[in-house]
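**Student:** Dumping the structure here so I can ask a few things about it.
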Amino acid sequence: MIIAFIGIIVGLGIGFYLPITFPAQYSLYLSISIIAAFDSIFGAVRANLDNKFDTVIFTTGFFGNAFLAGMLAYIGDQLGVPLYYAAIVAFGVRLFENFAYIRRHFISKLRE
Amino acid sequence: MSNKYYIFMMACIVGLLMAFTLKNASGEYRIVPFKVINDYKKVIEKEHAEIKSIRNLLDETTEKIEYFKGEQAEGDVGDALKKELDGYRASAGLMALEGPGVLVILSDGDRELIDGEDPNNLLVHDIDVLNIVNGLKIAGAEAISLNGQRVVSISEINCAGPTIKINDRVYSQPYIIKAIGNPDYLRAAIKAPGTYGNLLKQVGLFVEANTSVSITVPAYEEQIDYKYLKVIERSEKP
């Protein structure tokens with residue numbers, strides 16, 4: 001759990017330090033992809049707590065979800081329908097579920 | 001331990017992506033759909049087209065300036081200006097013109113009235129003259145005169161009792177319409193079956209159309225005094 005937050009902070013630091021910028025045009029797709037990737041990280045932390053962590057599943061889920069979410073947003077934009085809401089809702093719900101699970105796990109650990 | 005290391009790596013990637021997005025999000029920012037971007041693209045294309053046409057206008061004007069400068073070097077810029085002015089005056093109807101065309105004579109009919117027939121049927125009305133003139137215009141007449149009055153953009157053809165008023169002057173029949181243009185087309189516009197002139201002839205009025213190789217159309221003589229017109233500064237190319 002903590003390692004994930006440290007990773008994100010380190011990544012933020014590196015990202016701000018590196019002189020790389022994405023075109024503002026694709027900013028929407030990137031942010032949807034970030035939600036998907038974020039969900040994957042939480043899922044990985046949860047799986048790790050359960051000792052069910054699988055590198056292959058995690059990697060494919062991480063990149064696959066991010067790509068699919070970005071594509072969904074792109075297709076929605078082309079059709080004029082905000083399809084990215086689907087990605088936001090789906091990954092948002094899973095994010096909170098995973099977080100709730102991790103929270104309960106740590107609380108029960110603390111009470112022991 | 002290796003699992004944690006792996007999660008750390010991936011979290012770093014997420015952080016990187018977030019940083020890239022946050023960098024873009026500086027200042028006021030909201031989501032812009034592709035549709036809006038497309039709309040803006042169209043607007044920009046339109047503006048580009050306009051800029052292109054303005055550039056063309058600029059080129060033309062530059063050419064003109066060069067031409068006038070050349071004339072000036074030869075010492076007769078006045079002649080060039082006069083030539084251009086004459087062209088404008090001719091198209092405005094302020095100059096007498098000459099060319100091949102047609103001469104139309106329109107007069108009341110002289111046949112006996114059928115019992116109970118409205119005598120109006122055999123009279124030439126302003127609307128008849130108006131329709132004939134319009135028919136000539138459709139046939140490509142370049143200059144028209146009615147009883148020596150040039151038909152210009154502000155000419156009226158109006159009923160004035162037994163007479164007709166044009167350019168504020170009253171004329172009685174016969175009405176002589178002169179038109180410059182393709183003589184065959186103009187004659188056909190009066191005489192061909194189905195035309196207004198043919199219809200008048202069938203009703204019993206006197207309609208005659210003769211072609212000529214040389215028709216003279218006089219200039220518009222009245223003083224044109226515009227009260228409400230204002231020239232817009234940004235003039236399109238003539």
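Letters A, B, ... mark the chains of the structure tokens in the order given; residue numbers begin at 1 per chain; ligand numbers begin at 1, in order shown.
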Would you list which chain A residues are within 10 Å of chain B using only C-alpha atoms, as an mmCIF file with C-alpha atoms, in the first residue's frame?
**Tutor:**
data_model
loop_
_atom_site.group_PDB
_atom_site.id
_atom_site.type_symbol
_atom_site.label_atom_id
_atom_site.label_comp_id
_atom_site.auth_asym_id
_atom_site.auth_seq_id
_atom_site.Cartn_x
_atom_site.Cartn_y
_atom_site.Cartn_z
ATOM 1 C CA MET A 1 0.000 0.000 0.000
ATOM 2 C CA ILE A 2 2.621 2.479 1.114
ATOM 3 C CA ILE A 3 5.031 1.337 -1.579
ATOM 4 C CA ALA A 4 2.378 2.229 -4.206
ATOM 5 C CA PHE A 5 2.015 5.789 -2.869
ATOM 6 C CA ILE A 6 5.751 6.233 -2.691
ATOM 7 C CA GLY A 7 5.956 4.990 -6.290
ATOM 8 C CA ILE A 8 3.335 7.467 -7.439
ATOM 9 C CA ILE A 9 5.090 10.350 -5.696
ATOM 10 C CA VAL A 10 8.451 9.330 -7.173
ATOM 11 C CA GLY A 11 6.814 9.064 -10.604
ATOM 12 C CA LEU A 12 5.286 12.532 -10.202
ATOM 13 C CA GLY A 13 8.679 13.929 -9.265
ATOM 14 C CA ILE A 14 10.353 12.345 -12.281
ATOM 15 C CA GLY A 15 7.513 13.407 -14.552
ATOM 16 C CA PHE A 16 7.743 17.042 -13.499
ATOM 17 C CA TYR A 17 11.502 16.959 -13.792
ATOM 18 C CA LEU A 18 11.579 15.446 -17.300
ATOM 19 C CA PRO A 19 11.058 17.959 -20.119
ATOM 20 C CA ILE A 20 8.347 15.855 -21.802
ATOM 21 C CA THR A 21 4.814 17.058 -22.516
ATOM 22 C CA PHE A 22 1.873 15.379 -24.164
ATOM 23 C CA PRO A 23 -0.221 17.269 -26.713
ATOM 24 C CA ALA A 24 -3.115 18.884 -24.855
ATOM 25 C CA GLN A 25 -5.439 17.329 -27.431
ATOM 26 C CA TYR A 26 -4.906 13.837 -25.975
ATOM 27 C CA SER A 27 -5.129 14.988 -22.388
ATOM 28 C CA LEU A 28 -8.625 13.483 -21.965
ATOM 29 C CA TYR A 29 -7.541 10.030 -23.110
ATOM 30 C CA LEU A 30 -4.498 10.188 -20.868
ATOM 31 C CA SER A 31 -6.551 11.039 -17.802
ATOM 32 C CA SER A 33 -5.999 5.844 -18.895
ATOM 33 C CA ILE A 34 -4.620 7.090 -15.575
ATOM 34 C CA ILE A 35 -7.846 6.092 -13.815
ATOM 35 C CA ALA A 36 -7.576 2.616 -15.324
ATOM 36 C CA ALA A 37 -3.918 2.303 -14.346
ATOM 37 C CA PHE A 38 -4.668 3.593 -10.863
ATOM 38 C CA SER A 40 -4.764 -1.693 -11.548
ATOM 39 C CA ILE A 41 -2.331 -0.489 -8.871
ATOM 40 C CA PHE A 42 -4.997 -0.787 -6.160
ATOM 41 C CA ALA A 44 -2.298 -5.249 -7.319
ATOM 42 C CA VAL A 45 -1.958 -4.052 -3.728
ATOM 43 C CA ASN A 48 -0.527 -8.755 -2.809
ATOM 44 C CA ASN A 51 -0.826 -13.397 -1.586
ATOM 45 C CA PHE A 53 -0.323 -11.495 -6.884
ATOM 46 C CA ASP A 54 0.479 -12.583 -10.452
ATOM 47 C CA THR A 55 2.921 -10.490 -12.482
ATOM 48 C CA PHE A 58 -1.097 -7.421 -13.306
ATOM 49 C CA THR A 59 0.926 -6.248 -16.322
ATOM 50 C CA PHE A 62 -2.428 -2.483 -16.239
ATOM 51 C CA PHE A 63 -1.671 -1.788 -19.880
ATOM 52 C CA TYR A 74 -11.441 8.263 -28.348
ATOM 53 C CA GLY A 76 -16.819 8.175 -27.894
ATOM 54 C CA ASP A 77 -15.344 11.452 -29.042
ATOM 55 C CA GLN A 78 -15.535 10.383 -32.669
ATOM 56 C CA LEU A 79 -19.171 9.354 -32.292
ATOM 57 C CA GLY A 80 -20.085 12.377 -30.229
ATOM 58 C CA VAL A 81 -21.181 10.205 -27.297
ATOM 59 C CA PRO A 82 -19.282 10.548 -24.019
#
**Student:** For segment 224-227 of chain B, please output as a list in words all residues within 12 Å (counting only C-alpha atoms; exclusion window: fewer than 6 positions along the same chain).
**Tutor:** Ala92, Gly93, Leu94, Val152, Ser153, Ile154, Ser155 and Asn167 of chain B
**Student:** Could you go through chain A and tell me which residues DSSP, when run on the backbone, assigns to alpha helix (DSSP H), listing them as a VMD selection string?
**Tutor:** chain A and resid 2 to 17 27 to 49 55 to 79 84 to 111
**Student:** Any chance you could export the current selection's C-alpha atoms as a PDB file, in the first residue's frame?
**Tutor:**
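Once everything was written out, this is selection09.pdb:
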ATOM      1  CA  ILE A   2       2.621   2.479   1.114  1.00  0.00           C
ATOM      2  CA  ILE A   3       5.031   1.337  -1.579  1.00  0.00           C
ATOM      3  CA  ALA A   4       2.378   2.229  -4.206  1.00  0.00           C
ATOM      4  CA  PHE A   5       2.015   5.789  -2.869  1.00  0.00           C
ATOM      5  CA  ILE A   6       5.751   6.233  -2.691  1.00  0.00           C
ATOM      6  CA  GLY A   7       5.956   4.990  -6.290  1.00  0.00           C
ATOM      7  CA  ILE A   8       3.335   7.467  -7.439  1.00  0.00           C
ATOM      8  CA  ILE A   9       5.090  10.350  -5.696  1.00  0.00           C
ATOM      9  CA  VAL A  10       8.451   9.330  -7.173  1.00  0.00           C
ATOM     10  CA  GLY A  11       6.814   9.064 -10.604  1.00  0.00           C
ATOM     11  CA  LEU A  12       5.286  12.532 -10.202  1.00  0.00           C
ATOM     12  CA  GLY A  13       8.679  13.929  -9.265  1.00  0.00           C
ATOM     13  CA  ILE A  14      10.353  12.345 -12.281  1.00  0.00           C
ATOM     14  CA  GLY A  15       7.513  13.407 -14.552  1.00  0.00           C
ATOM     15  CA  PHE A  16       7.743  17.042 -13.499  1.00  0.00           C
ATOM     16  CA  TYR A  17      11.502  16.959 -13.792  1.00  0.00           C
ATOM     17  CA  SER A  27      -5.129  14.988 -22.388  1.00  0.00           C
ATOM     18  CA  LEU A  28      -8.625  13.483 -21.965  1.00  0.00           C
ATOM     19  CA  TYR A  29      -7.541  10.030 -23.110  1.00  0.00           C
ATOM     20  CA  LEU A  30      -4.498  10.188 -20.868  1.00  0.00           C
ATOM     21  CA  SER A  31      -6.551  11.039 -17.802  1.00  0.00           C
ATOM     22  CA  ILE A  32      -8.983   8.163 -18.467  1.00  0.00           C
ATOM     23  CA  SER A  33      -5.999   5.844 -18.895  1.00  0.00           C
ATOM     24  CA  ILE A  34      -4.620   7.090 -15.575  1.00  0.00           C
ATOM     25  CA  ILE A  35      -7.846   6.092 -13.815  1.00  0.00           C
ATOM     26  CA  ALA A  36      -7.576   2.616 -15.324  1.00  0.00           C
ATOM     27  CA  ALA A  37      -3.918   2.303 -14.346  1.00  0.00           C
ATOM     28  CA  PHE A  38      -4.668   3.593 -10.863  1.00  0.00           C
ATOM     29  CA  ASP A  39      -7.305   0.929 -10.480  1.00  0.00           C
ATOM     30  CA  SER A  40      -4.764  -1.693 -11.548  1.00  0.00           C
ATOM     31  CA  ILE A  41      -2.331  -0.489  -8.871  1.00  0.00           C
ATOM     32  CA  PHE A  42      -4.997  -0.787  -6.160  1.00  0.00           C
ATOM     33  CA  GLY A  43      -5.942  -4.211  -7.491  1.00  0.00           C
ATOM     34  CA  ALA A  44      -2.298  -5.249  -7.319  1.00  0.00           C
ATOM     35  CA  VAL A  45      -1.958  -4.052  -3.728  1.00  0.00           C
ATOM     36  CA  ARG A  46      -5.072  -5.967  -2.767  1.00  0.00           C
ATOM     37  CA  ALA A  47      -3.863  -9.125  -4.533  1.00  0.00           C
ATOM     38  CA  ASN A  48      -0.527  -8.755  -2.809  1.00  0.00           C
ATOM     39  CA  LEU A  49      -2.238  -8.650   0.589  1.00  0.00           C
ATOM     40  CA  THR A  55       2.921 -10.490 -12.482  1.00  0.00           C
ATOM     41  CA  VAL A  56       1.450 -11.454 -15.879  1.00  0.00           C
ATOM     42  CA  ILE A  57      -2.169 -10.709 -14.872  1.00  0.00           C
ATOM     43  CA  PHE A  58      -1.097  -7.421 -13.306  1.00  0.00           C
ATOM     44  CA  THR A  59       0.926  -6.248 -16.322  1.00  0.00           C
ATOM     45  CA  THR A  60      -1.705  -7.204 -18.907  1.00  0.00           C
ATOM     46  CA  GLY A  61      -4.439  -5.637 -16.777  1.00  0.00           C
ATOM     47  CA  PHE A  62      -2.428  -2.483 -16.239  1.00  0.00           C
ATOM     48  CA  PHE A  63      -1.671  -1.788 -19.880  1.00  0.00           C
ATOM     49  CA  GLY A  64      -4.808  -3.432 -21.324  1.00  0.00           C
ATOM     50  CA  ASN A  65      -7.209  -1.473 -19.122  1.00  0.00           C
ATOM     51  CA  ALA A  66      -5.371   1.781 -19.726  1.00  0.00           C
ATOM     52  CA  PHE A  67      -5.408   1.230 -23.492  1.00  0.00           C
ATOM     53  CA  LEU A  68      -9.047   0.139 -23.571  1.00  0.00           C
ATOM     54  CA  ALA A  69     -10.149   3.129 -21.484  1.00  0.00           C
ATOM     55  CA  GLY A  70      -8.238   5.509 -23.761  1.00  0.00           C
ATOM     56  CA  MET A  71      -9.716   3.876 -26.875  1.00  0.00           C
ATOM     57  CA  LEU A  72     -13.219   4.078 -25.404  1.00  0.00           C
ATOM     58  CA  ALA A  73     -12.801   7.787 -24.818  1.00  0.00           C
ATOM     59  CA  TYR A  74     -11.441   8.263 -28.348  1.00  0.00           C
ATOM     60  CA  ILE A  75     -14.277   6.310 -30.003  1.00  0.00           C
ATOM     61  CA  GLY A  76     -16.819   8.175 -27.894  1.00  0.00           C
ATOM     62  CA  ASP A  77     -15.344  11.452 -29.042  1.00  0.00           C
ATOM     63  CA  GLN A  78     -15.535  10.383 -32.669  1.00  0.00           C
ATOM     64  CA  LEU A  79     -19.171   9.354 -32.292  1.00  0.00           C
ATOM     65  CA  TYR A  84     -15.556   7.576 -21.376  1.00  0.00           C
ATOM     66  CA  TYR A  85     -18.155   7.854 -18.614  1.00  0.00           C
ATOM     67  CA  ALA A  86     -18.352   4.049 -18.817  1.00  0.00           C
ATOM     68  CA  ALA A  87     -14.637   3.796 -18.037  1.00  0.00           C
ATOM     69  CA  ILE A  88     -14.856   6.401 -15.269  1.00  0.00           C
ATOM     70  CA  VAL A  89     -17.767   4.665 -13.544  1.00  0.00           C
ATOM     71  CA  ALA A  90     -16.429   1.119 -13.938  1.00  0.00           C
ATOM     72  CA  PHE A  91     -12.911   1.902 -12.744  1.00  0.00           C
ATOM     73  CA  GLY A  92     -14.131   4.340 -10.115  1.00  0.00           C
ATOM     74  CA  VAL A  93     -16.358   1.728  -8.511  1.00  0.00           C
ATOM     75  CA  ARG A  94     -13.576  -0.852  -8.553  1.00  0.00           C
ATOM     76  CA  LEU A  95     -11.146   1.674  -7.144  1.00  0.00           C
ATOM     77  CA  PHE A  96     -13.343   2.298  -4.103  1.00  0.00           C
ATOM     78  CA  GLU A  97     -14.040  -1.395  -3.663  1.00  0.00           C
ATOM     79  CA  ASN A  98     -10.345  -2.202  -3.682  1.00  0.00           C
ATOM     80  CA  PHE A  99      -9.605   0.658  -1.332  1.00  0.00           C
ATOM     81  CA  ALA A 100     -12.326  -0.507   1.065  1.00  0.00           C
ATOM     82  CA  TYR A 101     -10.886  -4.013   1.028  1.00  0.00           C
ATOM     83  CA  ILE A 102      -7.342  -2.747   1.730  1.00  0.00           C
ATOM     84  CA  ARG A 103      -8.656  -0.464   4.499  1.00  0.00           C
ATOM     85  CA  ARG A 104     -10.491  -3.321   6.222  1.00  0.00           C
ATOM     86  CA  HIS A 105      -7.435  -5.530   5.919  1.00  0.00           C
ATOM     87  CA  PHE A 106      -5.181  -3.035   7.641  1.00  0.00           C
ATOM     88  CA  ILE A 107      -7.732  -2.178  10.322  1.00  0.00           C
ATOM     89  CA  SER A 108      -8.279  -5.815  11.182  1.00  0.00           C
ATOM     90  CA  LYS A 109      -4.487  -6.254  11.269  1.00  0.00           C
ATOM     91  CA  LEU A 110      -4.170  -3.311  13.662  1.00  0.00           C
ATOM     92  CA  ARG A 111      -6.856  -4.668  15.999  1.00  0.00           C
TER      93      ARG A 111
END
**Student:** Quick one: pull the distance between atom CA of Glu60 of chain B and atom CA of Leu229 of chain B, Å, one decimal.
**Tutor:**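 Here the two named atoms are 27.0 Å from each other.
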**Student:** I want to know what sits within 10 Å of Leu205 of chain B, based on only C-alpha atoms, with residues of the same chain fewer than 6 positions away left out; could you give that as a compact mmCIF listing (two decimals) with N, CA and C atoms, in the first residue's frame?
**Tutor:**
# COMPACT_ATOMS: atom_id res chain seq x y z
N LEU B 106 -45.03 49.21 -79.88
CA LEU B 106 -46.16 48.69 -79.14
C LEU B 106 -47.28 49.73 -79.21
N SER B 107 -48.47 49.30 -79.65
CA SER B 107 -49.55 50.28 -79.80
C SER B 107 -50.89 49.60 -79.55
N ASP B 108 -51.92 50.45 -79.30
CA ASP B 108 -53.25 49.88 -79.06
C ASP B 108 -53.74 49.15 -80.31
N GLY B 109 -54.59 48.14 -80.08
CA GLY B 109 -55.14 47.39 -81.20
C GLY B 109 -56.23 48.19 -81.90
N ASP B 110 -56.49 47.90 -83.19
CA ASP B 110 -57.51 48.65 -83.93
C ASP B 110 -58.63 47.73 -84.43
N ARG B 111 -58.74 46.53 -83.90
CA ARG B 111 -59.83 45.65 -84.35
C ARG B 111 -61.14 46.04 -83.66
N ASN B 121 -58.96 45.45 -73.01
CA ASN B 121 -58.22 44.37 -73.63
C ASN B 121 -57.35 44.85 -74.79
N LEU B 122 -57.80 45.93 -75.43
CA LEU B 122 -57.10 46.38 -76.63
C LEU B 122 -56.14 47.54 -76.35
N LEU B 123 -56.01 47.91 -75.07
CA LEU B 123 -55.12 49.03 -74.73
C LEU B 123 -53.78 48.50 -74.23
N VAL B 124 -52.74 49.31 -74.50
CA VAL B 124 -51.41 48.97 -73.95
C VAL B 124 -51.34 49.52 -72.53
N GLY B 197 -45.09 39.17 -75.74
CA GLY B 197 -45.36 39.96 -76.94
C GLY B 197 -46.28 39.22 -77.88
N ASN B 198 -46.05 37.93 -78.05
CA ASN B 198 -46.89 37.10 -78.91
C ASN B 198 -48.33 37.06 -78.38
N LEU B 199 -48.43 36.95 -77.08
CA LEU B 199 -49.76 36.92 -76.45
C LEU B 199 -50.52 38.20 -76.73
**Student:** Would you mind listing what lies within 10 Å of Gly148 of chain B as JSON, numbers by chain, with only C-alpha atoms counted and same-chain residues fewer than 4 positions away left out?
**Tutor:** {"B": [144, 166, 171, 175, 176, 177, 178, 216, 217, 218, 219, 220]}
**Student:** I need the residues in segment 99-167 of chain B that are strand (DSSP E or B) according to DSSP; give them as a list in words.
**Tutor:**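 DSSP on the backbone gives strand (DSSP E or B) at Gly99, Pro100, Gly101, Val102, Leu103, Val104, Ile105, Leu106, Ser107, Ala143, Ile144, Ser145, Leu146, Gln149, Arg150, Ile157, Asn158, Cys159, Ala160, Thr163, Ile164, Lys165 and Ile166 of chain B.
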**Student:** Using atom CA of Tyr185 of chain B and atom CA of Arg150 of chain B as the two end points, give the distance in Å to one decimal.
**Tutor:**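 If I compute the distance from atom CA of Tyr185 of chain B to atom CA of Arg150 of chain B, I get 20.4 Å.
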**Student:** So what do you get for atom CA of Leu85 of chain B versus atom CA of Ile65 of chain B, distance-wise?
**Tutor:**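 Atom-to-atom, atom CA of Leu85 of chain B to atom CA of Ile65 of chain B, that is 16.0 Å.
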**Student:** Excluding Val102 of chain B and residues on its chain fewer than 5 positions from it, collect all residues at most 10 Å away from it, counting only C-alpha atoms, and give them as a PyMOL selection string.
**Tutor:** chain B and resi 136+141+144+177-187+190+209-215
**Student:** Keeping only N, CA and C atoms, write the selected residues as a PDB file, in the first residue's frame.
**Tutor:**
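That gives us result-v1.pdb:
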ATOM      1  N   LEU B 136     -37.082  41.327 -72.722  1.00  0.00           N
ATOM      2  CA  LEU B 136     -35.851  41.721 -73.412  1.00  0.00           C
ATOM      3  C   LEU B 136     -34.641  41.530 -72.508  1.00  0.00           C
ATOM      4  N   ALA B 141     -30.618  41.643 -73.192  1.00  0.00           N
ATOM      5  CA  ALA B 141     -30.454  43.026 -73.636  1.00  0.00           C
ATOM      6  C   ALA B 141     -29.461  43.737 -72.727  1.00  0.00           C
ATOM      7  N   ILE B 144     -31.460  49.320 -72.724  1.00  0.00           N
ATOM      8  CA  ILE B 144     -32.841  49.432 -73.207  1.00  0.00           C
ATOM      9  C   ILE B 144     -33.285  50.882 -73.070  1.00  0.00           C
ATOM     10  N   ILE B 177     -39.609  50.714 -78.052  1.00  0.00           N
ATOM     11  CA  ILE B 177     -38.578  50.182 -77.160  1.00  0.00           C
ATOM     12  C   ILE B 177     -37.377  49.812 -78.011  1.00  0.00           C
ATOM     13  N   LYS B 178     -36.225  50.360 -77.619  1.00  0.00           N
ATOM     14  CA  LYS B 178     -34.989  49.999 -78.315  1.00  0.00           C
ATOM     15  C   LYS B 178     -34.127  49.199 -77.351  1.00  0.00           C
ATOM     16  N   ALA B 179     -33.563  48.123 -77.859  1.00  0.00           N
ATOM     17  CA  ALA B 179     -32.706  47.307 -77.006  1.00  0.00           C
ATOM     18  C   ALA B 179     -31.479  46.875 -77.774  1.00  0.00           C
ATOM     19  N   ILE B 180     -30.300  46.964 -77.109  1.00  0.00           N
ATOM     20  CA  ILE B 180     -29.052  46.508 -77.724  1.00  0.00           C
ATOM     21  C   ILE B 180     -28.737  45.126 -77.165  1.00  0.00           C
ATOM     22  N   GLY B 181     -28.394  44.212 -78.052  1.00  0.00           N
ATOM     23  CA  GLY B 181     -28.077  42.853 -77.638  1.00  0.00           C
ATOM     24  C   GLY B 181     -28.020  41.978 -78.860  1.00  0.00           C
ATOM     25  N   ASN B 182     -28.098  40.666 -78.671  1.00  0.00           N
ATOM     26  CA  ASN B 182     -28.143  39.755 -79.808  1.00  0.00           C
ATOM     27  C   ASN B 182     -29.496  39.931 -80.510  1.00  0.00           C
ATOM     28  N   PRO B 183     -29.529  40.448 -81.763  1.00  0.00           N
ATOM     29  CA  PRO B 183     -30.809  40.806 -82.390  1.00  0.00           C
ATOM     30  C   PRO B 183     -31.769  39.624 -82.496  1.00  0.00           C
ATOM     31  N   ASP B 184     -31.238  38.433 -82.840  1.00  0.00           N
ATOM     32  CA  ASP B 184     -32.129  37.278 -83.014  1.00  0.00           C
ATOM     33  C   ASP B 184     -32.776  36.892 -81.686  1.00  0.00           C
ATOM     34  N   TYR B 185     -31.984  36.883 -80.644  1.00  0.00           N
ATOM     35  CA  TYR B 185     -32.519  36.515 -79.324  1.00  0.00           C
ATOM     36  C   TYR B 185     -33.596  37.521 -78.912  1.00  0.00           C
ATOM     37  N   LEU B 186     -33.291  38.817 -79.131  1.00  0.00           N
ATOM     38  CA  LEU B 186     -34.214  39.854 -78.668  1.00  0.00           C
ATOM     39  C   LEU B 186     -35.527  39.791 -79.441  1.00  0.00           C
ATOM     40  N   ARG B 187     -35.414  39.532 -80.763  1.00  0.00           N
ATOM     41  CA  ARG B 187     -36.649  39.447 -81.546  1.00  0.00           C
ATOM     42  C   ARG B 187     -37.462  38.235 -81.097  1.00  0.00           C
ATOM     43  N   ILE B 190     -39.715  38.691 -78.237  1.00  0.00           N
ATOM     44  CA  ILE B 190     -40.975  39.397 -78.481  1.00  0.00           C
ATOM     45  C   ILE B 190     -41.940  38.543 -79.305  1.00  0.00           C
ATOM     46  N   ALA B 209     -41.598  43.915 -84.016  1.00  0.00           N
ATOM     47  CA  ALA B 209     -40.200  43.868 -83.597  1.00  0.00           C
ATOM     48  C   ALA B 209     -39.328  43.750 -84.825  1.00  0.00           C
ATOM     49  N   ASN B 210     -38.435  44.711 -85.017  1.00  0.00           N
ATOM     50  CA  ASN B 210     -37.528  44.691 -86.166  1.00  0.00           C
ATOM     51  C   ASN B 210     -36.090  44.695 -85.682  1.00  0.00           C
ATOM     52  N   THR B 211     -35.296  43.813 -86.250  1.00  0.00           N
ATOM     53  CA  THR B 211     -33.879  43.804 -85.883  1.00  0.00           C
ATOM     54  C   THR B 211     -33.158  44.872 -86.667  1.00  0.00           C
ATOM     55  N   SER B 212     -32.037  45.308 -86.155  1.00  0.00           N
ATOM     56  CA  SER B 212     -31.236  46.329 -86.822  1.00  0.00           C
ATOM     57  C   SER B 212     -29.770  46.121 -86.458  1.00  0.00           C
ATOM     58  N   VAL B 213     -28.901  46.453 -87.388  1.00  0.00           N
ATOM     59  CA  VAL B 213     -27.471  46.308 -87.095  1.00  0.00           C
ATOM     60  C   VAL B 213     -26.976  47.464 -86.247  1.00  0.00           C
ATOM     61  N   SER B 214     -27.736  48.547 -86.233  1.00  0.00           N
ATOM     62  CA  SER B 214     -27.272  49.692 -85.454  1.00  0.00           C
ATOM     63  C   SER B 214     -28.448  50.344 -84.737  1.00  0.00           C
ATOM     64  N   ILE B 215     -28.509  50.139 -83.440  1.00  0.00           N
ATOM     65  CA  ILE B 215     -29.543  50.757 -82.603  1.00  0.00           C
ATOM     66  C   ILE B 215     -28.839  51.747 -81.694  1.00  0.00           C
TER      67      ILE B 215
END
